[in-house]
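Working notes, structure below.
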Amino acid sequence: GFVTDRSHLCSNHPFATSTVPPDSGSYNILSSLETLSLDGHFIFDNIHHAAKDFGNRYHFLPLAVLHPKSVSDISSTIKHVFEMGPASELTVAARGHGHSLEGQAQAHRGIIINMESLRVPEMHVHTGKLPYVDVSGGELWINILHETLKHGLTPKSWTDYLHLTVGGTLSNAGISGQAFRHGPQISNVYQLEVVTGKGEVVTCSDKQNADLFYAVLGGLGQFGIITRARISLEPAPKMVKWIRVLYSDFSVFTKDQEHLILSENSFNYIEGFVIINRTGLLNNWRSSFNPKDPLQASQFNSDGRTLFCLEMATYFNPDETDIMDQKTESLLSKLSYLPSTLFLSEISYLEFLDRVHISELKLRAKGLWEIPHPWLNLLIPKSRIHDFAKKVFGNILTDTSNGPILIYPVNKSKWNNRTSLVTPDEDVFYLVAFLTSAMPSSTGTDGLDHILTQNKRILNFCEKAHLGMKQYLPHYSTQEEWQAHFGPRWKVFVQRKSAYDPLAILAPGQRIFQKAL
Ligand code: FAD
């Protein structure tokens, strides 16, 4: 038989690693995979990259990596695993761009499906009244942007970083500064093609196989592999006015943010972030950098104070500059930011959306991209955001932040509550993202242990204070914790699992269900 040690699946050890060579049972599996007739191919050697992700903390080695060339490659493989029955512990994980944080796209001694190899369907933009684009589940958002811009069109809702796959973000939500207006990416999909945990290929939408459609959206890869998505588009602007203003008072900051996300004719993009304790430049910031550049606002020095930066953007075309300026001015005139902290710039729409890639290149050049990322993403109900801020920014994270902390509200009326994603129980809630980097082998405040302890303190506080917080990109190690995360929706989640992936073959790295229990 096929024997594996699965004890690590419940371990919380950040560097859990498996490098055990395949045993004889595994060899049987490998040779059985080789008998499948495929358009693409399996790789069995040098597959360590599939045991790595952006989080850089979990490393589970698979047995094989499938490079699919067709949807039927994926379907045949899963069918094959399904037919082995519950006695086999073989699992399958789709791997998008591998930008998970805690091994979610990994499968210990399982099969990884390298989704970026799936080049079908070829991207196809449909113009017309309700424009959309059909893309492969393994397509990167940056490629979709380039392709749709050729037709003067663009997806509506984004993530801050575009080198992520469609299947990867739709399995979570896809949240950025457009979400208050359009909802997350999972609210902007018309149709999916999915390969279920039984190997069936199913087309689904709000009208057709709706239960599977909503299960898969925000479904953490538990119900099927997204092989194709139909994404809604709108006319693309050419330019973006990018604006940052600063606040020293958290209440004033959130009041303005909430006002903006609930206003009718608001900005196109609204986010915000926290600036903790950068000393030395506050008094001479006007002379030390160009106040018109919004990038500089994040380097703004607070002399030990915590500041809050509100970030906004207006989309426009060059022939509408006057109207856009008037609108921007009128919106800004209603805000109560610190006088003389208005940072403005104009850049192309493409540059604006791909802005984080610039930081990636800089960090890569310094060897600071492929280091551990103990990120923590939380959704906090509006009614408790002040309690949260008081404790977290006033007590837990007073000295330093080891990376950006994003904080912005979204409007739940734009989110479809039939998806698998769970959010707080209020009409408005905040995304708070601690995007920390840990210095390898540091034992100081920038080391992994220190950051993980801080994360734990934040999570413990949320729980003790009954904030009604929900984790985004959730990570838990026991089923009880998952049950608590889903709350009253756990029952439906389990029902959907038994309908679409009854043997719990898919996305084992999420650690929600275990195969062959
Ligand atoms: P992977 O890590 O490869 O996979 C994620 C999960 O989805 C795994 O469980 C995997 O098995 C499953 N999966 C992958 N492909 C498929 C598929 N085709 N069908 C079914 N399941 C699949 N998120 C936001 O919402 N907003 C942001 O602004 C944002 N910014 C980010 C910035 C950076 C630098 C990084 C690293 C991440 C960011 N994220 C953001 C989080 C990101 O959306 C998720 O980590 C996402 O899962 C990454 O996509 P991926 O293609 O790398 O997925």
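Ordering of the structure tokens sets the chain letters (A, B, ...); residue numbers start at 1 within each chain; ligands are numbered from 1 in the order shown.
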Taking only C-alpha atoms and all ligand atoms into account, which residues have an atom no farther than 7 Å from ligand 1? I'd like them as a compact mmCIF listing (two decimals) with C-alpha atoms, in the first residue's frame.
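Output file result_38.txt follows:
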# COMPACT_ATOMS: atom_id res chain seq x y z
CA ASP A 53 5.46 29.41 -2.17
CA PHE A 54 5.60 33.16 -1.51
CA ALA A 93 -3.42 20.53 -5.76
CA ALA A 94 -3.72 23.09 -8.50
CA ARG A 95 -0.80 25.47 -8.37
CA GLY A 96 -1.43 28.90 -9.86
CA HIS A 97 1.52 31.25 -9.46
CA GLY A 98 2.38 29.70 -6.08
CA HIS A 99 1.84 32.97 -4.24
CA SER A 100 0.12 31.33 -1.32
CA LEU A 101 1.49 32.05 2.12
CA GLN A 104 -2.10 26.11 0.30
CA ALA A 105 -1.01 25.15 -3.23
CA GLN A 106 1.16 22.24 -2.07
CA MET A 115 -1.94 25.62 -14.01
CA GLY A 137 -7.72 29.28 -15.02
CA GLY A 138 -3.92 29.44 -15.08
CA THR A 159 -5.67 42.67 -6.59
CA ASP A 160 -2.82 45.04 -5.71
CA TYR A 161 -0.39 42.70 -7.46
CA LEU A 164 -1.23 35.98 -9.68
CA THR A 165 -3.47 33.54 -11.55
CA VAL A 166 -7.19 33.76 -12.13
CA GLY A 167 -7.77 30.39 -10.42
CA GLY A 168 -5.65 31.42 -7.42
CA THR A 169 -7.41 34.72 -6.71
CA SER A 171 -10.35 30.64 -4.98
CA ASN A 172 -9.97 33.37 -2.36
CA ALA A 173 -11.75 36.62 -3.36
CA GLY A 174 -9.42 39.10 -5.06
CA ILE A 175 -9.68 42.32 -3.05
CA SER A 176 -8.22 45.72 -3.85
CA LEU A 220 -10.19 27.66 -1.38
CA GLY A 221 -9.79 25.10 -4.17
CA GLY A 224 -12.92 21.75 -8.25
CA ILE A 225 -10.16 23.10 -10.42
CA ILE A 226 -11.04 26.24 -12.35
CA THR A 227 -9.93 25.61 -15.93
CA LEU A 473 -6.60 33.99 2.95
CA ALA A 507 -6.19 21.30 -2.34
CA GLY A 509 -2.67 22.28 1.63
CA GLN A 510 -5.64 24.25 2.94
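Within 12 Å of A:Val356, once only C-alpha atoms are used and residues closer than 2 positions along the same chain are dropped, the contacting residues are Ile142, Thr159, Asp160, Tyr161, Leu162, His163, Leu164, Leu295, Leu350, Glu351, Phe352, Leu353, Asp354, Ile358, Ser359, Glu360, Leu361, Lys362, Leu363 and Pro404 of chain A.
Note that DSSP on the backbone gives strand (DSSP E) to these residues of stretch 294-391 of chain A: Thr306, Leu307, Phe308, Cys309, Leu310, Glu311, Met312, Ala313, Thr314, Tyr315, Phe316, Phe343, Leu344, Ser345, Glu346, Ile347, Ser348, Leu376, Asn377, Leu378, Leu379, Ile380 and Pro381 of chain A.
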N, CA and C atoms of the current selection, written as a PDB file, in the first residue's frame:
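result.pdb, freshly written:
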ATOM      1  N   THR A 306       2.125  57.536  14.922  1.00  0.00           N
ATOM      2  CA  THR A 306       1.541  56.705  13.891  1.00  0.00           C
ATOM      3  C   THR A 306       0.660  57.589  13.020  1.00  0.00           C
ATOM      4  N   LEU A 307       0.869  57.507  11.712  1.00  0.00           N
ATOM      5  CA  LEU A 307       0.053  58.275  10.777  1.00  0.00           C
ATOM      6  C   LEU A 307      -0.759  57.325   9.906  1.00  0.00           C
ATOM      7  N   PHE A 308      -1.808  57.850   9.321  1.00  0.00           N
ATOM      8  CA  PHE A 308      -2.671  57.043   8.465  1.00  0.00           C
ATOM      9  C   PHE A 308      -2.759  57.722   7.114  1.00  0.00           C
ATOM     10  N   CYS A 309      -2.501  56.948   6.083  1.00  0.00           N
ATOM     11  CA  CYS A 309      -2.498  57.510   4.735  1.00  0.00           C
ATOM     12  C   CYS A 309      -3.719  57.006   3.969  1.00  0.00           C
ATOM     13  N   LEU A 310      -4.503  57.924   3.472  1.00  0.00           N
ATOM     14  CA  LEU A 310      -5.645  57.582   2.624  1.00  0.00           C
ATOM     15  C   LEU A 310      -5.186  57.665   1.178  1.00  0.00           C
ATOM     16  N   GLU A 311      -5.443  56.586   0.447  1.00  0.00           N
ATOM     17  CA  GLU A 311      -4.975  56.525  -0.937  1.00  0.00           C
ATOM     18  C   GLU A 311      -6.178  56.412  -1.869  1.00  0.00           C
ATOM     19  N   MET A 312      -6.218  57.279  -2.877  1.00  0.00           N
ATOM     20  CA  MET A 312      -7.365  57.315  -3.786  1.00  0.00           C
ATOM     21  C   MET A 312      -6.872  57.423  -5.215  1.00  0.00           C
ATOM     22  N   ALA A 313      -7.730  57.025  -6.138  1.00  0.00           N
ATOM     23  CA  ALA A 313      -7.386  57.227  -7.547  1.00  0.00           C
ATOM     24  C   ALA A 313      -8.638  57.524  -8.345  1.00  0.00           C
ATOM     25  N   THR A 314      -8.475  58.403  -9.321  1.00  0.00           N
ATOM     26  CA  THR A 314      -9.539  58.681 -10.290  1.00  0.00           C
ATOM     27  C   THR A 314      -9.038  58.272 -11.650  1.00  0.00           C
ATOM     28  N   TYR A 315      -9.853  57.526 -12.387  1.00  0.00           N
ATOM     29  CA  TYR A 315      -9.499  57.146 -13.749  1.00  0.00           C
ATOM     30  C   TYR A 315      -9.955  58.256 -14.690  1.00  0.00           C
ATOM     31  N   PHE A 316      -9.199  58.504 -15.752  1.00  0.00           N
ATOM     32  CA  PHE A 316      -9.642  59.507 -16.725  1.00  0.00           C
ATOM     33  C   PHE A 316      -8.938  59.321 -18.067  1.00  0.00           C
ATOM     34  N   PHE A 343      -0.562  64.585  -1.716  1.00  0.00           N
ATOM     35  CA  PHE A 343       0.419  64.094  -2.686  1.00  0.00           C
ATOM     36  C   PHE A 343      -0.323  63.647  -3.940  1.00  0.00           C
ATOM     37  N   LEU A 344       0.066  64.177  -5.086  1.00  0.00           N
ATOM     38  CA  LEU A 344      -0.659  63.878  -6.321  1.00  0.00           C
ATOM     39  C   LEU A 344       0.294  63.433  -7.413  1.00  0.00           C
ATOM     40  N   SER A 345      -0.187  62.528  -8.258  1.00  0.00           N
ATOM     41  CA  SER A 345       0.536  62.328  -9.510  1.00  0.00           C
ATOM     42  C   SER A 345      -0.392  61.737 -10.557  1.00  0.00           C
ATOM     43  N   GLU A 346       0.044  61.776 -11.800  1.00  0.00           N
ATOM     44  CA  GLU A 346      -0.741  61.192 -12.884  1.00  0.00           C
ATOM     45  C   GLU A 346       0.121  60.149 -13.569  1.00  0.00           C
ATOM     46  N   ILE A 347      -0.401  58.941 -13.668  1.00  0.00           N
ATOM     47  CA  ILE A 347       0.353  57.906 -14.385  1.00  0.00           C
ATOM     48  C   ILE A 347      -0.612  57.119 -15.261  1.00  0.00           C
ATOM     49  N   SER A 348      -0.053  56.268 -16.109  1.00  0.00           N
ATOM     50  CA  SER A 348      -0.927  55.503 -17.002  1.00  0.00           C
ATOM     51  C   SER A 348      -1.679  54.447 -16.174  1.00  0.00           C
ATOM     52  N   LEU A 376      -0.575  38.469   7.509  1.00  0.00           N
ATOM     53  CA  LEU A 376      -1.837  38.272   8.227  1.00  0.00           C
ATOM     54  C   LEU A 376      -2.863  39.206   7.603  1.00  0.00           C
ATOM     55  N   ASN A 377      -3.967  38.629   7.101  1.00  0.00           N
ATOM     56  CA  ASN A 377      -5.017  39.427   6.463  1.00  0.00           C
ATOM     57  C   ASN A 377      -6.324  39.243   7.211  1.00  0.00           C
ATOM     58  N   LEU A 378      -6.876  40.348   7.689  1.00  0.00           N
ATOM     59  CA  LEU A 378      -8.076  40.245   8.514  1.00  0.00           C
ATOM     60  C   LEU A 378      -9.201  41.119   7.967  1.00  0.00           C
ATOM     61  N   LEU A 379     -10.428  40.638   8.152  1.00  0.00           N
ATOM     62  CA  LEU A 379     -11.601  41.448   7.831  1.00  0.00           C
ATOM     63  C   LEU A 379     -12.266  41.796   9.172  1.00  0.00           C
ATOM     64  N   ILE A 380     -12.361  43.106   9.440  1.00  0.00           N
ATOM     65  CA  ILE A 380     -12.846  43.577  10.747  1.00  0.00           C
ATOM     66  C   ILE A 380     -14.131  44.383  10.543  1.00  0.00           C
ATOM     67  N   PRO A 381     -15.199  44.052  11.282  1.00  0.00           N
ATOM     68  CA  PRO A 381     -16.428  44.829  11.130  1.00  0.00           C
ATOM     69  C   PRO A 381     -16.214  46.301  11.499  1.00  0.00           C
TER      70      PRO A 381
END
- Item | Distance of atom CA of A:His475 from atom CA of A:His450, expressed in Å to one decimal place | 18.7 Å
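Among the candidates A:Thr436, A:Gln185, A:Gln514, A:Ser336, the residue lying nearest to A:Lys156 is A:Gln185 (atoms considered: only C-alpha atoms).
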- Task: Do a neighbour search on A:Ser437 at 12 Å with only C-alpha atoms, toss out local chain neighbours closer than 3 positions, and write the hits as a count of residues only.
- Result: 32
- Using only C-alpha atoms, which residue out of A:His41, A:Arg364, A:Lys198, A:Lys414 lies closest to A:Ser157? A:Lys414
- Message: So, with only C-alpha atoms as the atoms that count, which of A:Pro184, A:Lys391, A:Val422, A:Pro502 lies closest to A:Asn460?
- Response: A:Lys391
- Message: With distances taken over only C-alpha atoms, which residue among A:Leu260, A:Leu342, A:Ala107, A:Val216 lies nearest A:Lys497?
- Response: A:Val216
- Message: as an NGL selection string, please: every residue in stretch 394-496 of chain A that DSSP puts in helix (DSSP H, G or I).
- Response: :A and (394-396 or 412-414 or 448-464 or 479-496)
Just write the chosen residues, N, CA and C atoms, as a CSV table (one decimal), in the first residue's frame.
chain,number,residue,atom,x,y,z
A,394,GLY,N,-1.9,50.9,18.9
A,394,GLY,CA,-1.6,51.7,20.1
A,394,GLY,C,-0.8,50.8,21.1
A,395,ASN,N,-0.8,49.5,20.9
A,395,ASN,CA,-0.2,48.7,22.0
A,395,ASN,C,0.7,47.5,21.4
A,396,ILE,N,0.2,46.8,20.4
A,396,ILE,CA,1.0,45.7,19.9
A,396,ILE,C,2.1,46.1,18.9
A,412,LYS,N,-20.3,45.8,1.7
A,412,LYS,CA,-20.7,44.4,1.5
A,412,LYS,C,-21.9,44.3,0.5
A,413,SER,N,-22.6,45.4,0.3
A,413,SER,CA,-23.7,45.2,-0.7
A,413,SER,C,-23.2,44.8,-2.1
A,414,LYS,N,-21.9,45.0,-2.3
A,414,LYS,CA,-21.4,44.7,-3.6
A,414,LYS,C,-20.8,43.3,-3.7
A,448,LEU,N,11.4,36.1,12.1
A,448,LEU,CA,10.1,35.3,12.0
A,448,LEU,C,9.4,35.1,13.3
A,449,ASP,N,10.2,34.7,14.3
A,449,ASP,CA,9.6,34.4,15.6
A,449,ASP,C,8.9,35.6,16.2
A,450,HIS,N,9.5,36.7,16.1
A,450,HIS,CA,9.0,37.9,16.7
A,450,HIS,C,7.7,38.3,16.0
A,451,ILE,N,7.7,38.2,14.6
A,451,ILE,CA,6.5,38.6,13.8
A,451,ILE,C,5.4,37.6,14.1
A,452,LEU,N,5.7,36.3,14.2
A,452,LEU,CA,4.6,35.3,14.4
A,452,LEU,C,4.0,35.5,15.8
A,453,THR,N,4.8,35.9,16.8
A,453,THR,CA,4.3,36.2,18.1
A,453,THR,C,3.4,37.4,18.0
A,454,GLN,N,3.8,38.4,17.3
A,454,GLN,CA,2.9,39.6,17.2
A,454,GLN,C,1.6,39.2,16.5
A,455,ASN,N,1.7,38.4,15.4
A,455,ASN,CA,0.4,37.9,14.7
A,455,ASN,C,-0.5,37.2,15.7
A,456,LYS,N,0.1,36.4,16.5
A,456,LYS,CA,-0.7,35.6,17.5
A,456,LYS,C,-1.3,36.5,18.5
A,457,ARG,N,-0.6,37.6,18.9
A,457,ARG,CA,-1.2,38.5,19.9
A,457,ARG,C,-2.4,39.2,19.2
A,458,ILE,N,-2.2,39.6,17.9
A,458,ILE,CA,-3.4,40.2,17.3
A,458,ILE,C,-4.6,39.3,17.2
A,459,LEU,N,-4.3,38.1,16.8
A,459,LEU,CA,-5.4,37.1,16.6
A,459,LEU,C,-6.1,36.8,18.0
A,460,ASN,N,-5.2,36.7,19.0
A,460,ASN,CA,-5.8,36.4,20.4
A,460,ASN,C,-6.7,37.6,20.8
A,461,PHE,N,-6.2,38.8,20.5
A,461,PHE,CA,-7.0,40.0,20.9
A,461,PHE,C,-8.3,39.9,20.2
A,462,CYS,N,-8.3,39.7,18.9
A,462,CYS,CA,-9.6,39.7,18.1
A,462,CYS,C,-10.5,38.7,18.7
A,463,GLU,N,-10.0,37.5,19.1
A,463,GLU,CA,-10.9,36.5,19.7
A,463,GLU,C,-11.4,36.9,21.1
A,464,LYS,N,-10.5,37.3,21.9
A,464,LYS,CA,-10.9,37.7,23.3
A,464,LYS,C,-11.9,38.8,23.3
A,479,GLN,N,-9.8,21.2,12.3
A,479,GLN,CA,-11.1,21.3,11.7
A,479,GLN,C,-12.0,22.1,12.6
A,480,GLU,N,-11.8,22.1,13.9
A,480,GLU,CA,-12.6,22.9,14.8
A,480,GLU,C,-12.5,24.4,14.5
A,481,GLU,N,-11.2,24.8,14.2
A,481,GLU,CA,-11.0,26.2,13.9
A,481,GLU,C,-11.6,26.5,12.5
A,482,TRP,N,-11.6,25.6,11.6
A,482,TRP,CA,-12.3,25.9,10.3
A,482,TRP,C,-13.8,26.0,10.5
A,483,GLN,N,-14.3,25.2,11.3
A,483,GLN,CA,-15.7,25.2,11.6
A,483,GLN,C,-16.1,26.5,12.2
A,484,ALA,N,-15.3,27.0,13.1
A,484,ALA,CA,-15.5,28.3,13.7
A,484,ALA,C,-15.4,29.4,12.7
A,485,HIS,N,-14.5,29.3,11.8
A,485,HIS,CA,-14.3,30.3,10.7
A,485,HIS,C,-15.6,30.4,9.9
A,486,PHE,N,-16.1,29.3,9.5
A,486,PHE,CA,-17.3,29.3,8.6
A,486,PHE,C,-18.5,29.5,9.4
A,487,GLY,N,-18.5,29.2,10.7
A,487,GLY,CA,-19.7,29.5,11.5
A,487,GLY,C,-20.9,28.8,10.9
A,488,PRO,N,-22.1,29.5,10.8
A,488,PRO,CA,-23.3,28.8,10.3
A,488,PRO,C,-23.2,28.3,8.9
A,489,ARG,N,-22.1,28.7,8.2
A,489,ARG,CA,-22.0,28.3,6.8
A,489,ARG,C,-21.1,27.0,6.6
A,490,TRP,N,-20.7,26.5,7.7
A,490,TRP,CA,-19.9,25.3,7.7
A,490,TRP,C,-20.6,24.1,7.1
A,491,LYS,N,-21.9,24.0,7.5
A,491,LYS,CA,-22.7,22.9,7.1
A,491,LYS,C,-22.8,22.8,5.5
A,492,VAL,N,-23.0,24.0,4.9
A,492,VAL,CA,-23.1,24.0,3.5
A,492,VAL,C,-21.8,23.7,2.8
A,493,PHE,N,-20.7,24.2,3.5
A,493,PHE,CA,-19.3,24.0,2.9
A,493,PHE,C,-19.1,22.4,2.9
A,494,VAL,N,-19.4,21.8,4.0
A,494,VAL,CA,-19.2,20.3,4.1
A,494,VAL,C,-20.1,19.6,3.1
A,495,GLN,N,-21.4,20.0,2.9
A,495,GLN,CA,-22.3,19.4,2.0
A,495,GLN,C,-21.7,19.5,0.6
A,496,ARG,N,-21.2,20.7,0.2
A,496,ARG,CA,-20.6,20.9,-1.1
A,496,ARG,C,-19.4,20.1,-1.3
